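Peer 1: My questions will all concern the structure given below.
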Amino acid sequence: MAEVVGTIEPQTAAAEVAQTTDGFHIVIDALKANDIDTIFGLVGIPITDLARLAQAEGMRFIGFRHEQHAGNAAAIAGYMTKKPGICLTVSAPGFLNGLTALANATTNCFPMILISGSSEREIVDLQQGDYEEMDQLNAAKPYAKAAYRVLHAEDIGIGVARAIRAAVSGRPGGVYLDLPAKLLAQTMDAVKGKNSLIRVIDAAPRQLPAPESVQRALDLLKGAKRPLILLGKGAAYAQADAEIRAFVEKTGIPYLPMSMAKGLLPDTHEQSASAARSFVLAEADVVVLIGARLNWLLSHGKGKTWGKPKQFVQIDISPTEIDSNVAIAAPVIGDIGSCVSALVAGLDASFPKPSIEWTGAITERKSTNLAKMAATLAKNPSPMNFHSALRAIRDVLKTRPDINVVNEGANTLDYARSIIDMYEPRKRFDSGTWGIMGIGMGFAIGAAVTSGKPVVAIEGDSAFGFSGMELETICRYDLPVCTIVFNNNGVYRGTDVNPTGGKDVAPTVFVKNARYDKMIEAFGGIGHNATTPEELTKALLEAIASGKPTLINAVIDEAAGTESGRLTNLNPQSAAMKK
Ligand code: ADP
């Protein structure tokens with residue numbers, strides 16, 4: 001498809017160029033008309049010139065080493081800003097790499113648009129064997145909230161507008177926009193091109209809840225003996241921080257944040273029931289879900305975790321989420337800001353505060369559990385374990401609530417989630433709804449570029465491996481990202497042996513005593529090797545102060561860590577043995 005690249009070269013007379021435009025320019029103009037200023041992507045045929053042009057026209061193009069991470073960066077940018085993050089990929093394999101991130105964004109309700117170049121329709125549809133031939137539109141459909149293809153330059157404005165609206169309105173998600181190579185090269189009259197652009201008005205309109213649904217919820221809550229509020233990442237996404245705080249504090253109801261909702265209220269808030277999580281989930285009688293789904297992360301709202309019978313209020317923008325796992329007594333459908341404000345407005349003097357028996361029991365549980373955790377964290381084993389290393393990180397991050405935290409792994413995720421407190425909203429980005437690994441460096445880059453603030457990525461050594469090459473991207477853009485690799489020599493841990501005594505190591509084992517810190521040095525970043533909590537503290541303080549790309553190889557006891565972290569029950573073998 002070399003001719004496509006050639007078309008952007010100025011071959012025509014200057015006067016003529018001034019009167020015509022082409023697909024490349026209209027795509028960029030359409031994005032800019034909607035205040036989109038950043039593209040995450042990876043260049044190649046047929047979109048290299050699109051990336052060049054975006055940069056030439058004042059947009060930021062952040063180039064990655066693998067499309068999945070560009071897609072993850074776009075998705076987290078969308079989550080942080082409520083504007084769709086843009087990922088740009090080449091056709092077929094590049095598109096497929098980006099598709100993983102698009103599917104993850106859709107699953108997590110993050111707004112993003114995957115724009116991909118594609119081969120010519122005529123050849124693809126007749127399966128005549130084009131360069132990187134693939135029916136990308138249909139491949140994307142099952143994994144996207146919406147998927148569109150544009151065939152004519154005059155429709156680019158509409159295509160981009162539809163993609164933006166689909167990504168951010170209602171329940172946010174991933175949108176695919178297919179741009180065949182020929183479209184990018186199409187020329188049209190410049191004035192007509194300009195007039196074809198659409199600035200999307202009110203892309204995510206407020207959706208007010210029905211007053212009777214608000215009243216039903218308030219009535220249910222009024223009768224509750226042991227109420228609980230559960231905040232999910234939908235609540236964080238909604239940017240209704242003041243309304244949520246008012247609802248929590250005016251009702252006095254204890255709350256639990258899901259992992260990415262941590263910091264919506266500071267984790268040190270006296271009404272946080274995080275340290276008594278199992279107790280409140282089992283004991284509560286009325287639970288208010290705000291932007292949280294009753295999926296596997298919440299044991300589907302039933303079973304032992306949920307203990308005593310309970311009734312739910314569910315606030316969500318998606319009406320079909322209701323009753324998805326258990327019956328919902330009081331659905332409140334609308335955007336979280338509007339729904340929570342309506343509830344706050346309905347809190348009159350007759351609204352009861354939770355009883356002292358309930359809040360007192362929670363406080364008691366919390367202090368017992370916190371004392372236990374403090375004792376575990378105070379230990380100083382050699383080599384370090386997850387707890388002693390995380391204690392060091394926690395104490396540094398406490399002094400910098402503005403820092404973004406990325407977290408993935410199995411054990412590294414499980415322990416860090418409960419040990420690292422968050423103080424500000426939308427600062428914690430992790431494995432999310434699928435519980436996946438591989439989001440690390442993509443989220444870290446997306447968060448650093450979007451916020452302009454430092455990022456600390458707390459990574460299991462296995463999780464880090466999925467996106468490790470993006471260290472070069474971090475160094476290339478000189479991003480203030482400090483990656484901490486919890487190195488215990490393997491997946492889960494490094495102690496497994498090959499039972500046959502053969503030459504190959506066990507499936508879960510990596511190279512022993514690897515020095516991940518050396519990797520970043522190859523690209524001009526700063527590496528640290530930390531074998532004690534003191535070394536880790538010093539390295540992290542230096543890393544943050546430097547504002548430079550850094551990587552700390554945190555050496556953890558290779559015997560520390562459990563199989564699949566806290567998901568041991570999901571391994572078929574362990575599950576079968578339990579039966
Ligand atoms: P968590 O994993 O933290 O429990 P989920 O991703 O499962 O959170 O749930 C997020 C929920 O929030 C989704 O059901 C989604 O429809 C909802 N949601 C997202 N944005 C909004 C919004 N602005 N207003 C209302 N609900 C929203």
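Labels used: A, B, ... for chains in the order of the structure tokens, numbers from 1 for residues in each chain, and numbers from 1 for ligands as shown.
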Can you list, as JSON, numbers by chain, every protein, DNA or RNA residue that comes within 9 Å of region 218-232 of chain A when you count only C-alpha atoms, leaving out same-chain residues fewer than 3 positions away?
Peer 2: {"A": [213, 214, 215, 235, 236, 237, 248, 253, 254, 255, 256, 257, 258, 259, 260, 261, 262, 264, 273, 280, 281, 283, 284, 285, 286, 287, 288, 289, 290, 291, 292, 293, 311, 312, 313, 329, 330, 343, 346, 347, 350, 351, 352, 353, 354, 355, 357, 358, 359]}
Peer 1: Counting only C-alpha atoms, what is within 8 Å of Phe24 (chain A), bar same-chain residues fewer than 5 positions away, as a ChimeraX atom specification?
Peer 2: /A:49-50,53,184-185
Peer 1: If we count only C-alpha atoms and set the cut-off at 10 Å, which residues sit around Leu471 (chain A), ignoring sequence neighbours fewer than 2 positions away in its own chain? Please answer as a PyMOL selection string.
Peer 2: chain A and resi 64-65+441-442+445+467-469+473-476+479+481+483+519-525+549-551
Peer 1: Report the residues of region 189-290 of chain A whose backbone DSSP state falls under strand (DSSP E), written as an mmCIF file with N, CA, C and O atoms, in the first residue's frame.
Peer 2:
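Done, and the output landed in part13.cif:
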```
data_model
loop_
_atom_site.group_PDB
_atom_site.id
_atom_site.type_symbol
_atom_site.label_atom_id
_atom_site.label_comp_id
_atom_site.auth_asym_id
_atom_site.auth_seq_id
_atom_site.Cartn_x
_atom_site.Cartn_y
_atom_site.Cartn_z
ATOM 1 N N ASP A 189 -13.195 18.685 -1.748
ATOM 2 C CA ASP A 189 -13.140 20.139 -1.642
ATOM 3 C C ASP A 189 -12.949 20.536 -0.169
ATOM 4 O O ASP A 189 -13.653 20.033 0.722
ATOM 5 N N PRO A 227 -27.293 -0.757 57.269
ATOM 6 C CA PRO A 227 -27.076 -0.336 55.880
ATOM 7 C C PRO A 227 -25.592 -0.251 55.518
ATOM 8 O O PRO A 227 -24.749 -0.058 56.390
ATOM 9 N N LEU A 228 -25.326 -0.406 54.234
ATOM 10 C CA LEU A 228 -23.945 -0.354 53.736
ATOM 11 C C LEU A 228 -23.967 0.275 52.344
ATOM 12 O O LEU A 228 -24.869 0.000 51.550
ATOM 13 N N ILE A 229 -22.982 1.117 52.062
ATOM 14 C CA ILE A 229 -22.833 1.678 50.708
ATOM 15 C C ILE A 229 -21.634 1.019 50.053
ATOM 16 O O ILE A 229 -20.581 0.868 50.672
ATOM 17 N N LEU A 230 -21.776 0.608 48.811
ATOM 18 C CA LEU A 230 -20.671 -0.007 48.081
ATOM 19 C C LEU A 230 -20.346 0.841 46.855
ATOM 20 O O LEU A 230 -21.190 1.009 45.974
ATOM 21 N N LEU A 231 -19.165 1.420 46.835
ATOM 22 C CA LEU A 231 -18.781 2.312 45.737
ATOM 23 C C LEU A 231 -17.942 1.546 44.710
ATOM 24 O O LEU A 231 -16.930 0.935 45.068
ATOM 25 N N TYR A 255 -19.225 2.624 54.387
ATOM 26 C CA TYR A 255 -19.087 2.310 52.957
ATOM 27 C C TYR A 255 -17.856 1.455 52.705
ATOM 28 O O TYR A 255 -16.904 1.441 53.484
ATOM 29 N N LEU A 256 -17.931 0.746 51.577
ATOM 30 C CA LEU A 256 -16.797 -0.061 51.094
ATOM 31 C C LEU A 256 -16.468 0.394 49.680
ATOM 32 O O LEU A 256 -17.363 0.443 48.836
ATOM 33 N N PRO A 257 -15.207 0.706 49.386
ATOM 34 C CA PRO A 257 -14.868 1.009 47.994
ATOM 35 C C PRO A 257 -14.370 -0.242 47.277
ATOM 36 O O PRO A 257 -13.601 -1.012 47.851
ATOM 37 N N VAL A 286 -29.276 -3.873 54.121
ATOM 38 C CA VAL A 286 -29.590 -3.127 52.895
ATOM 39 C C VAL A 286 -28.283 -2.564 52.332
ATOM 40 O O VAL A 286 -27.522 -1.909 53.053
ATOM 41 N N VAL A 287 -28.011 -2.884 51.078
ATOM 42 C CA VAL A 287 -26.744 -2.459 50.462
ATOM 43 C C VAL A 287 -27.054 -1.538 49.281
ATOM 44 O O VAL A 287 -27.851 -1.889 48.409
ATOM 45 N N VAL A 288 -26.418 -0.363 49.282
ATOM 46 C CA VAL A 288 -26.592 0.579 48.171
ATOM 47 C C VAL A 288 -25.395 0.447 47.234
ATOM 48 O O VAL A 288 -24.269 0.810 47.607
ATOM 49 N N LEU A 289 -25.635 -0.090 46.053
ATOM 50 C CA LEU A 289 -24.548 -0.215 45.074
ATOM 51 C C LEU A 289 -24.510 1.064 44.251
ATOM 52 O O LEU A 289 -25.508 1.433 43.631
ATOM 53 N N ILE A 290 -23.363 1.725 44.241
ATOM 54 C CA ILE A 290 -23.236 2.936 43.416
ATOM 55 C C ILE A 290 -22.145 2.687 42.376
ATOM 56 O O ILE A 290 -20.958 2.647 42.707
#
```
Peer 1: Find, counting only C-alpha atoms, the residue in A:Asn195, A:Asn411, A:Asn553, A:Asp178 that gets nearest to Asp29 (chain A).
Peer 2: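 That would be A:Asn195, the residue with the smallest distance to Asp29 (chain A).
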Peer 1: Identify, with DSSP run on backbone atoms, the residues in region 244-470 of chain A assigned to helix (DSSP H, G or I), and express the list as a ChimeraX atom specification.
Peer 2: /A:244-251,259-261,274-283,296-301,304-306,319-321,336-345,356-378,386-397,411-419,440-451,461-465,468-470
Peer 1: Tell me which of A:Arg391, A:Arg428, A:Lys233, A:Arg515 sits closest to ligand 1, counting only C-alpha atoms and all ligand atoms.
Peer 2: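 Distance minimum relative to ligand 1 lands on A:Lys233.
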Peer 1: Of the candidates A:Lys310, A:His69, A:Arg426, A:His387, which one gets nearest to ligand 1 if we count only C-alpha atoms and all ligand atoms?
Peer 2: A:Arg426
Peer 1: List the spatial neighbours of region 396-403 of chain A as an MDAnalysis selection string - criterion: any atom at most 10 Å away, only C-alpha atoms, same-chain residues fewer than 3 positions off excluded.
Peer 2: chainID A and resid 263 266 390:393 406 420:425 427:428 447:448 451 453:456 481 536:538 540:541 544
Peer 1: Using C-alpha atoms, can you write the selected residues to a file as a PDB file, in the first residue's frame?
Peer 2:
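The file below, out_1.pdb, is the result:
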```
ATOM      1  CA  GLY A 263      -9.674   7.339  47.214  1.00  0.00           C
ATOM      2  CA  PRO A 266      -9.814   8.933  51.556  1.00  0.00           C
ATOM      3  CA  LEU A 390       4.523  -2.903  50.682  1.00  0.00           C
ATOM      4  CA  ARG A 391       4.913  -1.281  54.102  1.00  0.00           C
ATOM      5  CA  ALA A 392       7.875   0.660  52.737  1.00  0.00           C
ATOM      6  CA  ILE A 393       5.918   1.731  49.645  1.00  0.00           C
ATOM      7  CA  VAL A 406      -0.972   1.273  38.888  1.00  0.00           C
ATOM      8  CA  ILE A 420      -1.753   0.883  50.009  1.00  0.00           C
ATOM      9  CA  ASP A 421      -4.238   3.566  51.043  1.00  0.00           C
ATOM     10  CA  MET A 422      -5.561   5.999  48.451  1.00  0.00           C
ATOM     11  CA  TYR A 423      -6.508   9.555  49.314  1.00  0.00           C
ATOM     12  CA  GLU A 424      -7.727  11.094  46.064  1.00  0.00           C
ATOM     13  CA  PRO A 425     -10.234   9.898  43.438  1.00  0.00           C
ATOM     14  CA  LYS A 427      -5.615   7.666  41.160  1.00  0.00           C
ATOM     15  CA  ARG A 428      -5.672   3.875  41.343  1.00  0.00           C
ATOM     16  CA  ALA A 447      -1.957   8.012  33.505  1.00  0.00           C
ATOM     17  CA  ALA A 448       1.341   9.926  33.330  1.00  0.00           C
ATOM     18  CA  SER A 451      -2.383  13.765  34.480  1.00  0.00           C
ATOM     19  CA  LYS A 453       1.715  13.674  37.596  1.00  0.00           C
ATOM     20  CA  PRO A 454       4.060  10.908  38.725  1.00  0.00           C
ATOM     21  CA  VAL A 455       3.013   7.273  38.550  1.00  0.00           C
ATOM     22  CA  VAL A 456       4.147   4.391  40.730  1.00  0.00           C
ATOM     23  CA  VAL A 481       6.951   6.628  36.041  1.00  0.00           C
ATOM     24  CA  LEU A 536      13.215   0.206  48.822  1.00  0.00           C
ATOM     25  CA  THR A 537      12.179   3.363  50.707  1.00  0.00           C
ATOM     26  CA  LYS A 538      15.360   5.161  49.671  1.00  0.00           C
ATOM     27  CA  LEU A 540      11.383   5.117  45.832  1.00  0.00           C
ATOM     28  CA  LEU A 541      11.986   8.523  47.437  1.00  0.00           C
ATOM     29  CA  ILE A 544       9.871  10.231  42.859  1.00  0.00           C
TER      30      ILE A 544
END
```
Peer 1: Rounded to one decimal in Å, what is the spacing between CA of Phe466 (chain A) and CA of Met437 (chain A)?
Peer 2: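 So the two atoms, CA of Phe466 (chain A) and CA of Met437 (chain A), lie 7.3 Å apart.
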Peer 1: Counting only C-alpha atoms, what is within 9 Å of region 124-134 of chain A, bar same-chain residues fewer than 5 positions away, as a list in words?
Peer 2: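 Final neighbour list, sorted by chain and number: Met1, Ser91, Ala92, Pro93, Ser118, Ser119 and Ala139 of chain A.
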Peer 1: Export, as a PDB file, in the first residue's frame, the selected residues with C-alpha atoms.
Peer 2:
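For reference, result_15.pdb as written:
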```pdb
ATOM      1  CA  MET A   1       0.000   0.000   0.000  1.00  0.00           C
ATOM      2  CA  SER A  91      -4.386  -3.253   9.939  1.00  0.00           C
ATOM      3  CA  ALA A  92      -4.887  -6.954  10.823  1.00  0.00           C
ATOM      4  CA  PRO A  93      -2.293  -7.984  13.471  1.00  0.00           C
ATOM      5  CA  SER A 118      -7.657  -1.512   7.070  1.00  0.00           C
ATOM      6  CA  SER A 119      -7.272  -3.100   3.654  1.00  0.00           C
ATOM      7  CA  ALA A 139     -13.989  -9.006  14.116  1.00  0.00           C
TER       8      ALA A 139
END
```
Peer 1: Which residues are close to Lys194 (chain A), i.e. within 9 Å by only C-alpha atoms, leaving aside same-chain residues fewer than 3 positions away? Reply as a list in words.
Peer 2: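 So the residues in contact are Thr21, Ile26, Asp29, Ala30, Gly157, Asp189, Ala190, Val191 and Leu197 of chain A.
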Peer 1: Can you work out which one of A:Tyr492, A:Tyr415, A:Tyr477, A:Trp296 has the shortest atom-to-atom distance to Thr376 (chain A), counting only C-alpha atoms?
Peer 2: A:Tyr415
Peer 1: Just the residues within 8 Å of region 556-569 of chain A, please, counting only C-alpha atoms, with nothing from its chain fewer than 6 positions along; format it as a VMD selection string.
Peer 2: chain A and resid 382 to 386 389 410 to 411 414 486 to 490 492 to 495 531 575
Peer 1: Please produce a file of the residues just selected, as a compact mmCIF listing (two decimals), in the first residue's frame, where the atoms kept are N, CA and C atoms.
Peer 2:
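What ended up in result36.txt:
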```txt
# COMPACT_ATOMS: atom_id res chain seq x y z
N SER A 382 13.91 -11.61 56.27
CA SER A 382 14.93 -11.49 55.23
C SER A 382 15.00 -12.83 54.49
N PRO A 383 14.85 -12.86 53.16
CA PRO A 383 14.56 -11.72 52.29
C PRO A 383 13.19 -11.08 52.58
N MET A 384 12.92 -9.94 51.91
CA MET A 384 11.64 -9.25 52.10
C MET A 384 10.49 -10.16 51.67
N ASN A 385 9.32 -9.93 52.28
CA ASN A 385 8.12 -10.57 51.72
C ASN A 385 7.21 -9.45 51.19
N PHE A 386 6.03 -9.83 50.70
CA PHE A 386 5.13 -8.83 50.13
C PHE A 386 4.80 -7.75 51.15
N ALA A 389 7.76 -5.24 52.03
CA ALA A 389 8.03 -4.36 50.88
C ALA A 389 6.90 -3.35 50.72
N ALA A 410 -0.66 -11.17 40.86
CA ALA A 410 -1.60 -12.00 41.60
C ALA A 410 -1.49 -11.58 43.06
N ASN A 411 -0.44 -12.05 43.73
CA ASN A 411 -0.23 -11.65 45.13
C ASN A 411 0.03 -10.16 45.26
N ASP A 414 -3.27 -8.42 45.19
CA ASP A 414 -4.10 -8.68 46.37
C ASP A 414 -3.60 -7.94 47.60
N PHE A 486 8.02 -6.62 41.86
CA PHE A 486 8.12 -7.55 42.98
C PHE A 486 8.67 -8.86 42.44
N ASN A 487 9.97 -9.05 42.63
CA ASN A 487 10.66 -10.14 41.97
C ASN A 487 10.81 -11.35 42.89
N ASN A 488 9.95 -12.34 42.69
CA ASN A 488 10.11 -13.58 43.47
C ASN A 488 10.38 -14.77 42.54
N ASN A 489 11.00 -14.45 41.41
CA ASN A 489 11.54 -15.48 40.50
C ASN A 489 10.50 -16.32 39.77
N GLY A 490 9.25 -15.90 39.77
CA GLY A 490 8.30 -16.73 39.02
C GLY A 490 6.88 -16.24 39.08
N TYR A 492 3.44 -16.44 40.56
CA TYR A 492 3.02 -16.76 41.93
C TYR A 492 4.21 -16.81 42.88
N ARG A 493 5.18 -17.68 42.59
CA ARG A 493 6.44 -17.74 43.36
C ARG A 493 7.45 -18.50 42.53
N GLY A 494 8.69 -18.60 43.05
CA GLY A 494 9.74 -19.16 42.19
C GLY A 494 10.28 -20.49 42.63
N THR A 495 9.51 -21.22 43.45
CA THR A 495 10.09 -22.41 44.07
C THR A 495 9.67 -23.74 43.42
N THR A 531 16.91 -4.82 48.28
CA THR A 531 16.76 -6.12 48.94
C THR A 531 16.18 -6.00 50.35
N ALA A 575 -10.22 -26.41 42.75
CA ALA A 575 -11.67 -26.41 42.92
C ALA A 575 -12.17 -27.85 43.02
```
Peer 1: So which one's closest to Asn529 (chain A), A:Phe40, A:Val485, A:Val505, A:Leu179? Using only C-alpha atoms, please.
Peer 2: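 For Asn529 (chain A), the nearest of the candidates is A:Val485.
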Peer 1: Nearest to ligand 1: which of A:Ser299, A:Thr106, A:Ser318, A:Gln207 is it, counting only C-alpha atoms and all ligand atoms?
Peer 2: A:Ser318
